[in-house]
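Okay, my_file-v1.cif is below, mmCIF, C-alpha atoms:
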```
data_coords
loop_
_atom_site.label_atom_id
_atom_site.label_comp_id
_atom_site.auth_asym_id
_atom_site.auth_seq_id
_atom_site.Cartn_x
_atom_site.Cartn_y
_atom_site.Cartn_z
CA MET A 7 -95.75 -2.90 28.34
CA ALA A 8 -95.83 0.19 30.48
CA ALA A 9 -92.43 1.54 31.19
CA PRO A 10 -91.86 2.10 34.86
CA ALA A 11 -92.19 5.71 35.88
CA ALA A 12 -89.00 7.50 35.02
CA THR A 13 -87.05 7.40 38.19
CA PRO A 14 -84.16 9.80 38.44
CA ALA A 15 -80.78 8.10 38.43
CA ARG A 16 -80.60 6.61 41.86
CA LYS A 17 -78.03 8.03 44.17
CA PRO A 18 -75.54 5.41 45.31
CA VAL A 19 -77.07 5.32 48.75
CA GLY A 20 -75.43 2.94 51.09
CA THR A 21 -72.01 2.94 49.54
CA LEU A 22 -69.50 2.99 52.30
CA TYR A 23 -67.42 5.77 50.89
CA ARG A 24 -68.73 7.78 47.96
CA GLY A 25 -70.25 11.12 48.85
CA ARG A 26 -69.68 10.58 52.54
CA GLU A 27 -67.36 12.08 55.11
CA GLY A 28 -64.52 9.80 54.01
CA MET A 29 -64.64 11.10 50.45
CA TRP A 30 -65.03 14.76 51.32
CA SER A 31 -62.17 14.71 53.82
CA TRP A 32 -60.02 13.09 51.13
CA VAL A 33 -60.96 15.84 48.65
CA ALA A 34 -60.25 18.54 51.22
CA HIS A 35 -56.91 16.94 52.09
CA ARG A 36 -55.89 17.04 48.41
CA VAL A 37 -57.06 20.59 47.79
CA THR A 38 -55.39 21.98 50.93
CA GLY A 39 -52.17 20.02 50.31
CA PHE A 40 -51.97 21.27 46.72
CA ALA A 41 -52.50 24.88 47.77
CA ILE A 42 -49.99 24.67 50.62
CA PHE A 43 -47.34 23.25 48.27
CA PHE A 44 -47.57 26.20 45.91
CA PHE A 45 -47.43 28.66 48.77
CA LEU A 46 -44.31 26.84 50.00
CA LEU A 47 -42.57 27.36 46.64
CA VAL A 48 -43.33 31.10 46.74
CA HIS A 49 -42.43 31.35 50.42
CA VAL A 50 -38.93 29.89 49.93
CA LEU A 51 -38.37 32.30 47.03
CA ASP A 52 -39.47 35.37 49.01
CA THR A 53 -37.40 34.36 52.03
CA SER A 54 -34.38 33.89 49.75
CA LEU A 55 -34.41 37.66 49.19
CA VAL A 56 -32.59 38.01 52.54
CA ARG A 57 -29.56 36.87 50.55
CA ILE A 58 -29.88 39.82 48.16
CA SER A 59 -30.30 42.75 50.54
CA PRO A 60 -32.24 43.77 53.65
CA GLU A 61 -34.10 46.35 51.52
CA ALA A 62 -35.21 43.79 48.92
CA TYR A 63 -36.49 41.44 51.63
CA ASN A 64 -38.28 44.16 53.59
CA ASP A 65 -39.98 45.48 50.46
CA VAL A 66 -41.43 42.12 49.48
CA ILE A 67 -42.29 40.96 52.99
CA GLY A 68 -43.99 44.33 53.45
CA THR A 69 -46.66 43.17 51.00
CA TYR A 70 -47.49 40.31 53.39
CA LYS A 71 -48.62 42.90 55.92
CA ASN A 72 -51.39 44.53 53.89
CA PRO A 73 -54.97 43.53 54.73
CA VAL A 74 -55.62 41.50 51.57
CA MET A 75 -52.52 39.37 52.14
CA GLY A 76 -53.43 39.20 55.82
CA LEU A 77 -56.70 37.50 54.88
CA GLY A 78 -54.76 35.24 52.52
CA GLU A 79 -52.52 34.23 55.43
CA ALA A 80 -55.60 33.42 57.48
CA GLY A 81 -56.76 31.14 54.65
CA LEU A 82 -53.33 29.57 54.41
CA VAL A 83 -53.23 28.87 58.13
CA ALA A 84 -56.75 27.39 57.94
CA ALA A 85 -55.60 25.08 55.13
CA ILE A 86 -52.53 24.02 57.11
CA VAL A 87 -54.48 23.41 60.32
CA PHE A 88 -57.04 21.23 58.53
CA HIS A 89 -54.35 19.33 56.61
CA ALA A 90 -52.38 18.77 59.83
CA PHE A 91 -55.26 17.46 61.94
CA ASN A 92 -56.78 15.43 59.13
CA GLY A 93 -53.32 14.00 58.39
CA LEU A 94 -53.09 12.79 61.98
CA ARG A 95 -56.55 11.28 61.54
CA ILE A 96 -55.35 9.41 58.42
CA ILE A 97 -52.40 8.03 60.42
CA LEU A 98 -54.79 6.81 63.12
CA VAL A 99 -57.06 5.21 60.51
CA ASP A 100 -54.02 3.40 59.07
CA PHE A 101 -52.18 2.35 62.20
CA TRP A 102 -54.70 2.24 65.06
CA ALA A 103 -56.62 -1.03 65.10
CA LYS A 104 -59.92 0.76 65.78
CA GLY A 105 -59.09 3.66 63.45
CA PRO A 106 -61.25 2.62 60.50
CA ARG A 107 -64.25 2.10 62.78
CA TYR A 108 -63.90 5.58 64.25
CA GLN A 109 -62.84 7.43 61.08
CA ARG A 110 -66.10 9.39 60.92
CA VAL A 111 -66.05 10.34 64.60
CA MET A 112 -62.43 11.35 64.18
CA LEU A 113 -63.36 13.69 61.32
CA TRP A 114 -65.70 15.53 63.69
CA VAL A 115 -62.88 15.66 66.24
CA VAL A 116 -60.69 17.15 63.49
CA MET A 117 -63.33 19.77 62.75
CA GLY A 118 -63.65 20.55 66.46
CA LEU A 119 -59.90 20.98 66.88
CA PHE A 120 -59.87 23.08 63.72
CA VAL A 121 -62.50 25.45 65.11
CA VAL A 122 -60.71 25.73 68.45
CA THR A 123 -57.30 26.36 66.82
CA MET A 124 -58.68 28.96 64.42
CA ALA A 125 -60.59 30.64 67.26
CA GLY A 126 -57.26 31.04 69.01
CA PHE A 127 -55.38 32.17 65.92
CA LEU A 128 -57.76 34.39 63.96
CA PRO A 129 -58.49 37.20 66.43
CA ARG A 130 -54.82 37.61 67.24
CA HIS A 131 -53.70 37.52 63.62
CA LEU A 132 -56.43 39.87 62.40
CA MET A 133 -55.54 42.23 65.24
CA HIS A 134 -51.94 42.25 64.00
CA VAL A 135 -53.01 42.81 60.39
CA PHE A 136 -55.71 45.42 60.92
CA GLY A 137 -53.89 47.32 63.63
CA GLY A 138 -55.69 47.97 66.85
CA GLU A 139 -52.51 48.26 68.86
CA MET B 10 -37.11 -43.41 43.42
CA SER B 11 -38.91 -40.45 44.78
CA LEU B 12 -41.84 -38.88 43.03
CA VAL B 13 -41.24 -35.58 44.77
CA ALA B 14 -39.16 -33.10 42.84
CA ASP B 15 -35.73 -32.46 44.23
CA PRO B 16 -36.16 -29.28 46.26
CA LYS B 17 -32.77 -28.03 45.09
CA ALA B 18 -33.85 -28.14 41.49
CA PRO B 19 -33.93 -24.66 39.99
CA ARG B 20 -37.41 -23.28 39.67
CA PRO B 21 -38.68 -22.55 36.23
CA PRO B 22 -38.73 -18.77 35.83
CA ARG B 23 -42.16 -17.33 36.53
CA ALA B 24 -43.83 -15.48 33.77
CA ARG B 25 -44.30 -12.06 35.26
CA PRO B 26 -46.35 -9.23 33.85
CA SER B 27 -43.84 -6.86 32.34
CA ARG B 28 -45.64 -3.56 32.91
CA LEU B 29 -47.98 -3.52 35.85
CA THR B 30 -45.60 -4.41 38.65
CA THR B 31 -43.82 -1.68 40.48
CA ARG B 32 -40.11 -2.06 40.79
CA GLY B 33 -39.06 -2.48 44.37
CA ASN B 34 -40.92 -1.02 47.29
CA THR B 35 -40.59 2.69 46.55
CA GLU B 36 -44.33 3.33 46.72
CA LEU B 37 -44.45 1.65 50.12
CA TYR B 38 -41.56 3.77 51.40
CA GLY B 39 -43.30 6.84 50.01
CA TRP B 40 -46.48 5.91 51.87
CA VAL B 41 -44.57 5.46 55.12
CA PHE B 42 -42.63 8.69 54.56
CA MET B 43 -45.83 10.73 54.14
CA ARG B 44 -47.00 9.59 57.56
CA ALA B 45 -43.66 9.86 59.37
CA SER B 46 -42.79 13.27 57.91
CA GLY B 47 -46.37 14.42 58.46
CA VAL B 48 -46.12 13.97 62.22
CA VAL B 49 -42.80 15.86 62.36
CA LEU B 50 -44.12 18.61 60.08
CA VAL B 51 -47.13 19.22 62.33
CA VAL B 52 -44.70 20.10 65.14
CA LEU B 53 -42.27 22.08 62.96
CA ILE B 54 -44.91 24.11 61.10
CA PHE B 55 -47.14 24.80 64.11
CA GLY B 56 -44.02 26.03 65.92
CA HIS B 57 -43.05 28.14 62.90
CA LEU B 58 -46.53 29.68 62.64
CA PHE B 59 -46.69 30.38 66.36
CA VAL B 60 -43.32 32.14 66.53
CA ASN B 61 -43.81 34.11 63.30
CA LEU B 62 -47.54 34.94 63.29
CA VAL B 63 -48.86 34.67 66.85
CA ALA B 64 -46.09 35.58 69.29
CA GLY B 65 -45.08 39.20 69.73
CA GLU B 66 -46.47 41.44 67.02
CA GLY B 67 -47.06 38.64 64.55
CA VAL B 68 -46.62 39.26 60.85
CA LYS B 69 -46.09 43.00 61.47
CA ALA B 70 -42.76 42.25 63.16
CA ILE B 71 -41.29 40.21 60.31
CA ASP B 72 -38.42 41.94 58.54
CA PHE B 73 -34.76 41.34 57.75
CA GLY B 74 -33.77 41.92 61.37
CA PHE B 75 -36.33 39.35 62.56
CA VAL B 76 -35.04 36.67 60.18
CA ALA B 77 -31.41 37.50 60.96
CA GLY B 78 -32.15 37.26 64.67
CA LYS B 79 -33.66 33.82 64.25
CA TRP B 80 -30.92 32.43 62.01
CA ALA B 81 -28.22 33.68 64.37
CA SER B 82 -29.16 30.59 66.36
CA PRO B 83 -28.28 27.12 65.07
CA PHE B 84 -31.54 25.94 66.64
CA TRP B 85 -33.67 27.85 64.12
CA GLN B 86 -31.26 27.06 61.28
CA VAL B 87 -31.75 23.33 61.89
CA TRP B 88 -35.49 23.82 62.46
CA ASP B 89 -35.94 25.67 59.16
CA LEU B 90 -33.65 23.32 57.23
CA LEU B 91 -35.56 20.28 58.46
CA MET B 92 -38.85 22.00 57.69
CA LEU B 93 -37.66 22.91 54.18
CA TRP B 94 -36.54 19.39 53.28
CA LEU B 95 -39.38 17.47 54.87
CA ALA B 96 -42.08 19.82 53.55
CA MET B 97 -40.62 19.83 50.04
CA ILE B 98 -40.33 16.03 49.85
CA HIS B 99 -43.78 15.58 51.44
CA GLY B 100 -45.36 18.17 49.13
CA THR B 101 -43.60 17.00 45.98
CA ASN B 102 -44.66 13.42 46.64
CA GLY B 103 -48.23 14.59 47.26
CA VAL B 104 -48.39 16.57 44.02
CA ARG B 105 -46.75 13.63 42.19
CA THR B 106 -49.66 11.47 43.37
CA ILE B 107 -52.17 14.06 42.18
CA VAL B 108 -50.48 14.31 38.76
CA ASN B 109 -50.47 10.51 38.44
CA ASP B 110 -54.18 10.46 39.27
CA TYR B 111 -55.44 13.15 36.93
CA ALA B 112 -52.97 13.53 34.03
CA GLU B 113 -53.97 10.64 31.82
CA LYS B 114 -51.83 11.30 28.76
CA ASP B 115 -48.30 9.96 29.09
CA THR B 116 -46.69 13.12 27.73
CA THR B 117 -48.75 15.43 29.97
CA ARG B 118 -47.80 13.35 33.00
CA MET B 119 -44.11 13.36 32.10
CA VAL B 120 -44.04 17.11 31.48
CA LEU B 121 -45.87 17.94 34.71
CA LYS B 122 -43.67 15.65 36.77
CA GLY B 123 -40.56 17.02 35.07
CA LEU B 124 -41.58 20.55 36.06
CA LEU B 125 -42.40 19.34 39.57
CA TYR B 126 -38.99 17.73 40.09
CA LEU B 127 -37.28 20.79 38.62
CA ALA B 128 -39.14 23.03 41.08
CA PHE B 129 -38.17 20.64 43.89
CA VAL B 130 -34.45 20.81 43.07
CA VAL B 131 -34.41 24.59 42.58
CA VAL B 132 -36.32 25.37 45.78
CA VAL B 133 -34.48 22.87 48.00
CA VAL B 134 -31.01 23.86 46.74
CA LEU B 135 -31.81 27.58 46.93
CA GLY B 136 -33.36 27.34 50.39
CA THR B 137 -30.50 25.25 51.77
CA LEU B 138 -27.89 27.65 50.38
CA VAL B 139 -29.74 30.64 51.83
CA ILE B 140 -29.87 29.12 55.31
CA PHE B 141 -26.16 28.26 55.31
CA THR B 142 -24.66 31.25 53.47
CA PHE B 143 -26.85 33.89 55.10
CA ASP B 144 -25.00 36.96 56.40
CA PRO B 145 -26.98 38.69 59.15
CA CYS B 146 -24.81 41.83 58.96
CA PRO B 147 -24.14 42.58 55.28
CA SER B 148 -21.64 45.43 54.98
CA GLY B 149 -22.96 48.68 53.55
CA SER B 150 -26.51 48.17 54.72
CA PRO B 151 -28.12 50.83 56.92
CA ALA B 152 -27.79 49.80 60.55
CA ASP B 153 -31.49 50.37 61.31
CA LEU B 154 -32.42 47.50 58.96
CA LEU B 155 -30.03 45.07 60.65
CA PRO B 156 -30.41 43.12 63.88
CA SER B 157 -29.06 44.97 66.91
CA PHE B 158 -26.13 42.59 67.43
CA CYS B 159 -24.51 43.85 64.19
CA THR B 160 -23.57 47.15 65.77
CA GLU B 161 -22.47 45.84 69.15
#
```

Reformat the file's structure so that it appears as structure tokens.
Amino acid sequence: MAAPAATPARKPVGTLYRGREGMWSWVAHRVTGFAIFFFLLVHVLDTSLVRISPEAYNDVIGTYKNPVMGLGEAGLVAAIVFHAFNGLRIILVDFWAKGPRYQRVMLWVVMGLFVVTMAGFLPRHLMHVFGGE
Amino acid sequence: MSLVADPKAPRPPRARPSRLTTRGNTELYGWVFMRASGVVLVVLIFGHLFVNLVAGEGVKAIDFGFVAGKWASPFWQVWDLLMLWLAMIHGTNGVRTIVNDYAEKDTTRMVLKGLLYLAFVVVVVLGTLVIFTFDPCPSGSPADLLPSFCTE
């Protein structure tokens, strides 16, 4: 009996969730949340230096003003902005009767708000970091 | 004589699965807390980022005097305290979920969660103490590093 032509493992097309917007937004929510948490730990520790001396605090916070850290802050803010807007989307999916039906549309709204927010934030922040005034 | 059992008769104890049930509703409360604190944190953190990174000269302006100026006001003390507690509980619960999902060995899970809860206690206690015991005008520090109200 002729074996059927070797078909590559079929992609799970048509599953509601896997590989679609719902899954990727969930992954992104986890990754951003995890990263933000570890920044938060470091951020409380560096701020606590105000309790040691003004010099100690100014020295460490000074490192936040160099260009490399400035780009890191831009990444951090991007992670926070996505996590915030997508978190609100999750709340709407859970509590708004029509939320599940519009979850995909709402992800594009999240991305739109993300772009708008970052467009407002980035130029100003990068101007602060890289001088210019 | 009735064939229906006396409703006041004690029920035979149900056989319940010993392991797989969660005790109480803690996971439900956790789920609700993530959503409730999330909404508040959006406001608190966006406000924090705006005041510290966007307004004025942004990150360039942050130094001891900037922090001291903010914490001279109870408004920012409460703001930062609330942000610290809510963000730490929200973040710790989120990482706890991630550990539960991916750390399959019992010992690995216990160790990771132990470290997580230790970090939670250290950071929350330290941060709370700093906000409440902060001295904006420490004696012996050069005046140019301190907020202007120290010399008035």

Quiz item: Please, which residues of chain A lie no more than 6 Å from chain B when the count uses all atoms listed in the file, and can they be set out as a VMD selection string?
Solution: chain A and resid 43 60 64 90

Quiz item: How many Å separate CA of Trp114 (chain A) from CA of Leu98 (chain A)?
Solution: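 For CA of Trp114 (chain A) relative to CA of Leu98 (chain A), the distance reads 14.0 Å.
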
Quiz item: Between CA of Ser157 (chain B) and CA of Phe141 (chain B), what is the distance, to one decimal in Å?
Solution: 20.5 Å

Exercise. Enumerate, as a list of chain:residue names, the residues matched when the PyMOL selection byres ((chain B and resi 89) around 10) is run on the file above.
Key: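 That expression, the PyMOL selection byres ((chain B and resi 89) around 10), corresponds here to B:Leu53, B:Ile54, B:His57, B:Lys79, B:Trp80, B:Pro83, B:Phe84, B:Trp85, B:Gln86, B:Val87, B:Trp88, B:Leu90, B:Leu91, B:Met92, B:Leu93, B:Trp94, B:Leu95, B:Gly136, B:Thr137, B:Ile140.
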
Self-check item: Separation of CA of Gly33 (chain B) from CA of Pro19 (chain B) in Å
Solution: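 So the answer is 23.2 Å.
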
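Around Val87 (chain A), within 10 Å and counting all atoms listed in the file, the residues found are Thr38, Gly81, Gly93, Val116, Met117, Leu119, Phe120, Val121, Thr123 and Met124 of chain A; Val51, Ile54 and Phe55 of chain B, once anything fewer than 6 positions away on its own chain is removed.
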
Exercise. Could you check which of A:Ser54, A:Ser59, A:Asn72, A:Asn92 is closest to Val33 (chain A), using only C-alpha atoms?
Key: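 Distance minimum relative to Val33 (chain A) lands on A:Asn92.
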